[in-house]
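A short write-up of the structure that comes next.
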Amino acid sequence: VNVMTAEQIADFGSFTISDINNMTTGLSIVGGGVDWDFAVRGVGADINAPIVPRMSFYVDGNYFQQPRGLLSGLFDIAQIEVLRGPQGTLYGQTSPIGAVTIRSNDPNLEKIDGYVRQTFNDQKGSNSQIGISLPIIKGKLGVRITGLYDTNENRDIENITLNRDLENETTSYRLVALWEPTENFNLRLSYWNVEDDNDIDPMVEGNGLDVDDRVAVANTRSFYKNETEMTALEVNYRFANDWLATLAISDQENLVPRDYDEDASEVQASNVFLGGGVPDIETYEFRLSSQGNELWDWTIGGFYMETGSLTEVNVDTFLAEPLSLYVNTTSAADLESEQMAVFTHNAIHLSEKGTLTIGLRYTDYERDSEQPFTFRYFLLLPDGTIGPPLGGEDVDGVLPKDQHGEDDAVTGTLRYQYRFTEDFMGYAAYDRGWVPGAVNIAARPLPPLFGAFEAETTDNLEVGFKWEVMNGRGLWNLAVYYQLYNDFMYNAEQFDYRNLDGGISIATAVINVDEAESYGFDTDFTVLLSENWSLRAGLSYNQAELTDARNVPCTNAEPVGDETWSFNTCDFSGERAGAEPEWSTNVSSEYYNDIGSDMQWYVRGLFNAESEYYSISQRKDLDSYAILDLYLGLRSAAYTWDANIWVKNVAGESAVLKTETRGDLPDFDAGVQVANPYTWIRRSLDPRTFGVTVNYNF
C-alpha cells in the first residue's frame, strides 16, 4: 500500500489524478480528458477499451465504474491509497491487479473552516479552488462545500491547419454531509459533479513533424465534453460487542460525448462522433465485521452493481478507391450488466507475532450487449459535394450468439505475515483475481470473430517486508511478485482487415491470448533525515510478457486476403504484454527552515524517471525520460497561508509515451488510397511549465 496524504497532493501541485503517477512507482495513470491508461505492475488497460478495468477505483467508500469522469479535477482530497495485487475479499469489486481509493475531506463538525487556493501558470492556466466547512449541529452534523474552476493550455498544442491553440476547461463542485449523532453511528453523504470541455485535436509526428513541434494538423476540431455525477452514501454502526456494520450505496452517471478527426490529417478522410456514455450505474454493498479480537477478526459482505449505457455512433468516411464515395455509418451501442457477489475476509492471529489471512469471494456476472450498424453509401461528386445514394446495408456489430453472456468466479487470498521484531515484519501471499468477459464495441463493425471475449483469471505470488529503521525515523517496504494470467485480455491495436465495402480498414479489438505473465518488485524508502528535512524514494521493476499468444491479429508485410473480414495474424509470444515501462523511480524531498517565529521558507523537489514505453500499434520501444519538478515557497509556521513558485519538467524534457498508426487517406486526383504520413501521439510529456500557487486556510 502507498498512501498520498492531502498535504503531499497539495505540496506537489497535483491538479489531476495523473500527477500522482510521479509520486509512486509501479503505478501508471497517464492521459487526460476522456483518454486514460491505468496500470499497476506493468499491466493495465486503456480506459476506452471495452473491458471492465483491471484496476478498481473507489471514491468515498464506493466502487466507481468510470474513473475518467472524476479524475480531471483533483481538489480537496483527504487521501489517496494505491493497493497492488488482486483485491476483492475485504470490500468492493474484484480486481486482478490492484485498486486506488480516493477519499474527499470530511466536514469539520466543531467550527467553521476552509481554504482558498489559486494557481496561475505560463500555459494560460488558472486553477481556482475553494472549500468551506459549516457545522450545523456542533459535534454532530456538518456540511462541506468545495469547488474548482480550471482552464489551461497545459499540453501547449497548436492546430496549424485551423490556426488555433487547444484549450481545456473543468468546472467541478462537491457537497459532503456528515452526521454523527452518537459515538457508534455515523452517516456520510457526498455528491460529486464534474464538467469538462476539452479540445482533443490529435497531436502528430511524421511528414517532417516530431514531438517537440507539439502540433496537430487535423482539418476539423476535435473535442469532448464530460458530465459526471456521483452520489455516495456510507453508513456505519458499531454494536455493543464491537461488531461494525457498513452500508455503502452509490448512484453514478457518466456522459462523455466526443467528436474527433479519426485520420488526424489535413485531408478530409474520416470523422467520428460518439454520443452519450454511461447514464446510469448503481452500486450497493453491505459489510459486517468484527474488530479487535485476540484470535479471529472477520468480515462478511455482499456487493451488487447494475449498469446501463447507450452510446450513439456516427462515422463519416471519404474514399477515393474504387470509386469516390462518402460512407455514413451509424449505430447505437446498448450495454447492460448486472453483478452480484458475496465475500469473506478473515484474519486469524495464530500467535502474538503471526497472522494468517484467508479471503474468499464468489461473483456472478451477466451482461446484454447490442450494437446494430447501418451503412449508407453515396457517390462523391468532383466538386466535393455528396451525390445520390448508391445503397446501404444493416449489420449486427455483436452477433446474436454473443449478445448475452453469463459467468461466475471464485477468487480469494491466502496470506501469512510474521512480525520478527518490533521493527520488522515479513509476509508471503497467494491471491487469485478475475475480470469478466465482454464484447467489442467499436465505431465500425469488426470481423465477427471478435464479437466477444472470455473472462480473465490471474494468480499472484508475493513476498515482502516492512522494516522500521533509524529508530523509527525511516520505513523501508519491499515486495517481490510473480503473476500469471490465463485468457489474458490483450488489446490488439491497429490491425488491417477487409471491410464490407471491399476496402481496408484499421481496427483495435480486445482478444484473449492463452497466457501472459508479469514479475518484478516494488520498493520505497521514507526517512526523516532531520527535524526539517524529509526524503522519500521508490524504485519499481515490472516485466510483463505474452508467454503464449499465437494467431493475434496484426498488420504485417503480407497483403490482406480478398474475402470480407480477412486479416493477418502474428505470433506475439515473447513480446511485451502492455505499453508500460519496465523501470520507474521517483525521489521527493523537502527542506524547510524558520524565519523568525511566525514564518518558514521551504524548498522541495520531485524527480521521476521511467524506462521506455512500448507502442503496441507500431511494435517498437518509444522514449524513456527523467524529469524534475522544483518548488520554492514561504508559509506561516501555523500553516495558515502558503505561497510558492514552481516549475515542472525543469529541463524541458520531451518524450513520446504512446502512439497509434492512422488509416490510409483518399487521393481523389489519382483515384487511389494513399498511406497516411502521420502517427497519432496519444501520450507525451507535458512541456516545461512555470507557475505560482497561493493558499489561505481559515
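Letters for chains follow the order of the C-alpha cells (A, B, ...), residue numbers begin at 1 for each chain, and ligand numbers begin at 1 in the order shown.
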
For this session: Fewer than 4 positions away in the same chain doesn't count, so skip those; otherwise give me all residues within 7 Å of A:Ser18, counting only C-alpha atoms, as a ChimeraX atom specification.
Result: /A:29-31

Emit the selected residues as a compact mmCIF listing (two decimals), in the first residue's frame, including N, CA, C and O atoms.
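What follows is the written file again-v1.txt:
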```txt
# COMPACT_ATOMS: atom_id res chain seq x y z
N ILE A 29 -0.74 5.98 -14.25
CA ILE A 29 -2.01 6.64 -14.57
C ILE A 29 -1.64 7.79 -15.48
O ILE A 29 -1.17 8.83 -15.03
N VAL A 30 -1.80 7.59 -16.77
CA VAL A 30 -1.38 8.60 -17.73
C VAL A 30 -2.52 8.89 -18.69
O VAL A 30 -3.36 8.04 -18.97
N GLY A 31 -2.53 10.12 -19.19
CA GLY A 31 -3.54 10.53 -20.13
C GLY A 31 -4.19 11.81 -19.69
O GLY A 31 -3.63 12.61 -18.95
```

For this session: Within stretch 323-541 of chain A, find each residue whose DSSP state, derived from the backbone, is strand (DSSP E), and express the selection as a PyMOL selection string.
Result: chain A and resi 325-349+354-370+372-380+386-396+404-419+424-435+438-439+452-453+456-469+474-498+504-530+533-541

Given only C-alpha atoms, how would the per-residue table for stretch 540-588 of chain A near stretch 621-631 of chain A read, listing every residue at most 10 Å away with its closest atom pair and distance in Å to one decimal, sorted by chain and number, as JSON lines?
```
{"residue": "A:Ala579", "atom": "CA", "partner": "A:Asp621", "partner_atom": "CA", "distance": 8.9}
{"residue": "A:Pro581", "atom": "CA", "partner": "A:Ser624", "partner_atom": "CA", "distance": 8.0}
{"residue": "A:Trp583", "atom": "CA", "partner": "A:Ser624", "partner_atom": "CA", "distance": 9.5}
{"residue": "A:Ser584", "atom": "CA", "partner": "A:Ala626", "partner_atom": "CA", "distance": 9.6}
{"residue": "A:Thr585", "atom": "CA", "partner": "A:Ala626", "partner_atom": "CA", "distance": 9.2}
{"residue": "A:Asn586", "atom": "CA", "partner": "A:Ala626", "partner_atom": "CA", "distance": 9.4}
{"residue": "A:Val587", "atom": "CA", "partner": "A:Leu628", "partner_atom": "CA", "distance": 9.4}
{"residue": "A:Ser588", "atom": "CA", "partner": "A:Asp629", "partner_atom": "CA", "distance": 9.4}
```

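Here atom CA of A:Asp212 and atom CA of A:Asn127 stand 25.7 Å from one another.
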
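Distances from A:Thr547, A:Asn532, A:Thr363, A:Asn105 to A:Arg144 were compared using only C-alpha atoms, and the smallest one belongs to A:Asn105.
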
For this session: Between A:Asn62, A:Gln123, A:Ser337, A:Thr299, single out the one closest to A:Ser190, counting only C-alpha atoms.
Result: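 Distance minimum relative to A:Ser190 lands on A:Asn62.
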
Problem set entry | Pick from A:Arg444, A:Arg361, A:Arg662, A:Arg432, whichever lies nearest to A:Asp408 using only C-alpha atoms | A:Arg361

Exercise. If we count only C-alpha atoms, what is near stretch 685-689 of chain A at a cut-off of 8 Å, once residues fewer than 4 positions away on the same chain are taken out, given as a list in words?
Worked result: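 Close residues of stretch 685-689 of chain A: Asn121, Asp122, Gln123, Asn154, Arg155, Asp156, Val647, Lys648, Asn649, Val650, Ala651, Gly652, Glu653, Ser654, Ala655, Val656 and Leu657 of chain A.
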
Problem set entry | Residue contacts of stretch 372-376 of chain A (9 Å, only C-alpha atoms) excluding same-chain residues fewer than 5 positions away, as number ranges by chain | A: 326-333, 389-398, 444-445

Exercise. Quick one: residues within 6 Å of A:Ala177, only C-alpha atoms counted, chain neighbours fewer than 6 positions away excluded, as a list in words?
Worked result: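 Listing them by chain and then by number gives Gly142, Val143, Arg188 and Leu189 of chain A.
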
Problem set entry | Selection: 12 Å around A:Gly354, only C-alpha atoms, excl. self and same-chain fewer than 4 positions, as a list in words |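 Within the cut-off, the hits are Glu294, Leu295, Ala347, Ile348, His349, Leu350, Arg415, Tyr416, Gln417, Tyr418, Arg419, Phe420, Thr421, Met425, Gly426, Tyr427 and Ala428 of chain A.
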
At a cut-off of 9 Å, using only C-alpha atoms, what residues contact A:Gly578? Leave out same-chain residues fewer than 5 positions from it and give the result as a tab-separated table (two decimals) with N, CA, C and O atoms, in the first residue's frame.
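Just written: result.tsv:
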```tsv
chain	number	residue	atom	x	y	z
A	39	ALA	N	-2.57	1.34	-15.08
A	39	ALA	CA	-1.80	0.09	-14.97
A	39	ALA	C	-1.13	0.01	-13.61
A	39	ALA	O	-0.76	1.04	-13.01
A	42	GLY	N	2.98	-2.97	-14.50
A	42	GLY	CA	3.20	-3.24	-15.91
A	42	GLY	C	2.02	-3.75	-16.69
A	42	GLY	O	2.12	-3.97	-17.90
A	43	VAL	N	0.87	-3.97	-16.03
A	43	VAL	CA	-0.31	-4.49	-16.70
A	43	VAL	C	-1.50	-3.60	-16.35
A	43	VAL	O	-1.70	-3.25	-15.20
A	44	GLY	N	-2.29	-3.27	-17.37
A	44	GLY	CA	-3.45	-2.44	-17.11
A	44	GLY	C	-4.40	-2.49	-18.28
A	44	GLY	O	-4.58	-3.53	-18.90
A	45	ALA	N	-5.00	-1.34	-18.60
A	45	ALA	CA	-5.93	-1.28	-19.72
A	45	ALA	C	-6.14	0.16	-20.11
A	45	ALA	O	-6.11	1.06	-19.28
A	490	TYR	N	-6.00	-9.04	-24.28
A	490	TYR	CA	-4.96	-8.26	-24.96
A	490	TYR	C	-5.60	-7.30	-25.94
A	490	TYR	O	-6.49	-7.67	-26.72
A	491	ASN	N	-5.16	-6.05	-25.91
A	491	ASN	CA	-5.68	-5.04	-26.81
A	491	ASN	C	-4.89	-5.08	-28.12
A	491	ASN	O	-3.81	-4.51	-28.21
A	544	ALA	N	6.31	-7.50	-18.01
A	544	ALA	CA	5.04	-8.12	-18.42
A	544	ALA	C	5.20	-8.66	-19.83
A	544	ALA	O	5.55	-7.92	-20.76
A	545	GLU	N	4.92	-9.95	-20.02
A	545	GLU	CA	5.23	-10.62	-21.28
A	545	GLU	C	4.09	-11.55	-21.68
A	545	GLU	O	3.47	-12.21	-20.84
A	546	LEU	N	3.82	-11.61	-22.99
A	546	LEU	CA	2.89	-12.59	-23.54
A	546	LEU	C	3.65	-13.90	-23.71
A	546	LEU	O	4.56	-13.99	-24.53
A	613	TYR	N	8.60	3.40	-22.79
A	613	TYR	CA	7.25	2.91	-23.04
A	613	TYR	C	7.27	2.10	-24.35
A	613	TYR	O	8.23	2.16	-25.12
A	614	TYR	N	6.19	1.37	-24.59
A	614	TYR	CA	6.14	0.48	-25.75
A	614	TYR	C	4.90	0.79	-26.57
A	614	TYR	O	3.80	0.96	-26.02
A	615	SER	N	5.06	0.89	-27.88
A	615	SER	CA	3.93	1.10	-28.77
A	615	SER	C	3.43	-0.24	-29.28
A	615	SER	O	4.12	-0.91	-30.06
A	616	ILE	N	2.25	-0.67	-28.82
A	616	ILE	CA	1.66	-1.91	-29.31
A	616	ILE	C	1.27	-1.75	-30.77
A	616	ILE	O	1.40	-2.67	-31.58
```

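Here atom CA of A:Asp571 is placed at a distance of 27.2 Å from atom CA of A:Met55.
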
List every residue of stretch 39-129 of chain A that has an atom at most 12 Å from any atom of stretch 217-225 of chain A, and for each one report the closest atom pair and its distance in Å to one decimal, counting only C-alpha atoms, with rows sorted by chain and then by increasing residue number, as a tab-separated table.
```
residue	atom	partner	partner_atom	distance
A:Arg68	CA	A:Lys225	CA	11.9
A:Gly69	CA	A:Lys225	CA	10.2
A:Ser72	CA	A:Lys225	CA	11.6
```

Just write the chosen residues, N, CA, C and O atoms, as a PDB file, in the first residue's frame.
```pdb
ATOM      1  N   ARG A  68     -12.634   7.869 -15.292  1.00  0.00           N
ATOM      2  CA  ARG A  68     -12.262   9.017 -16.122  1.00  0.00           C
ATOM      3  C   ARG A  68     -13.155  10.218 -15.855  1.00  0.00           C
ATOM      4  O   ARG A  68     -12.760  11.363 -16.064  1.00  0.00           O
ATOM      5  N   GLY A  69     -14.378   9.998 -15.385  1.00  0.00           N
ATOM      6  CA  GLY A  69     -15.303  11.097 -15.185  1.00  0.00           C
ATOM      7  C   GLY A  69     -14.961  12.021 -14.047  1.00  0.00           C
ATOM      8  O   GLY A  69     -15.353  13.183 -14.043  1.00  0.00           O
ATOM      9  N   SER A  72     -10.363  14.516 -13.831  1.00  0.00           N
ATOM     10  CA  SER A  72      -9.796  15.705 -14.464  1.00  0.00           C
ATOM     11  C   SER A  72      -9.535  16.818 -13.473  1.00  0.00           C
ATOM     12  O   SER A  72      -8.681  17.675 -13.696  1.00  0.00           O
TER      13      SER A  72
END
```

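Distances from A:Glu285, A:Glu321, A:Glu110, A:Asp263 to A:Gly671 were compared using only C-alpha atoms, and the smallest one belongs to A:Glu321.
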
For this session: Go through A:Gly13, A:Gly131, A:Gly26, A:Pro96 one by one, measure the shortest atom-to-atom distance of each to A:Asn697 using only C-alpha atoms, and give the residue with the smallest value.
Result: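 Nearest candidate to A:Asn697 out of A:Gly13, A:Gly131, A:Gly26, A:Pro96: A:Gly131.
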
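Minimum distance to A:Leu90 across A:Gly301, A:Pro107, A:Pro181, A:Pro279 (counting only C-alpha atoms) occurs at A:Gly301.
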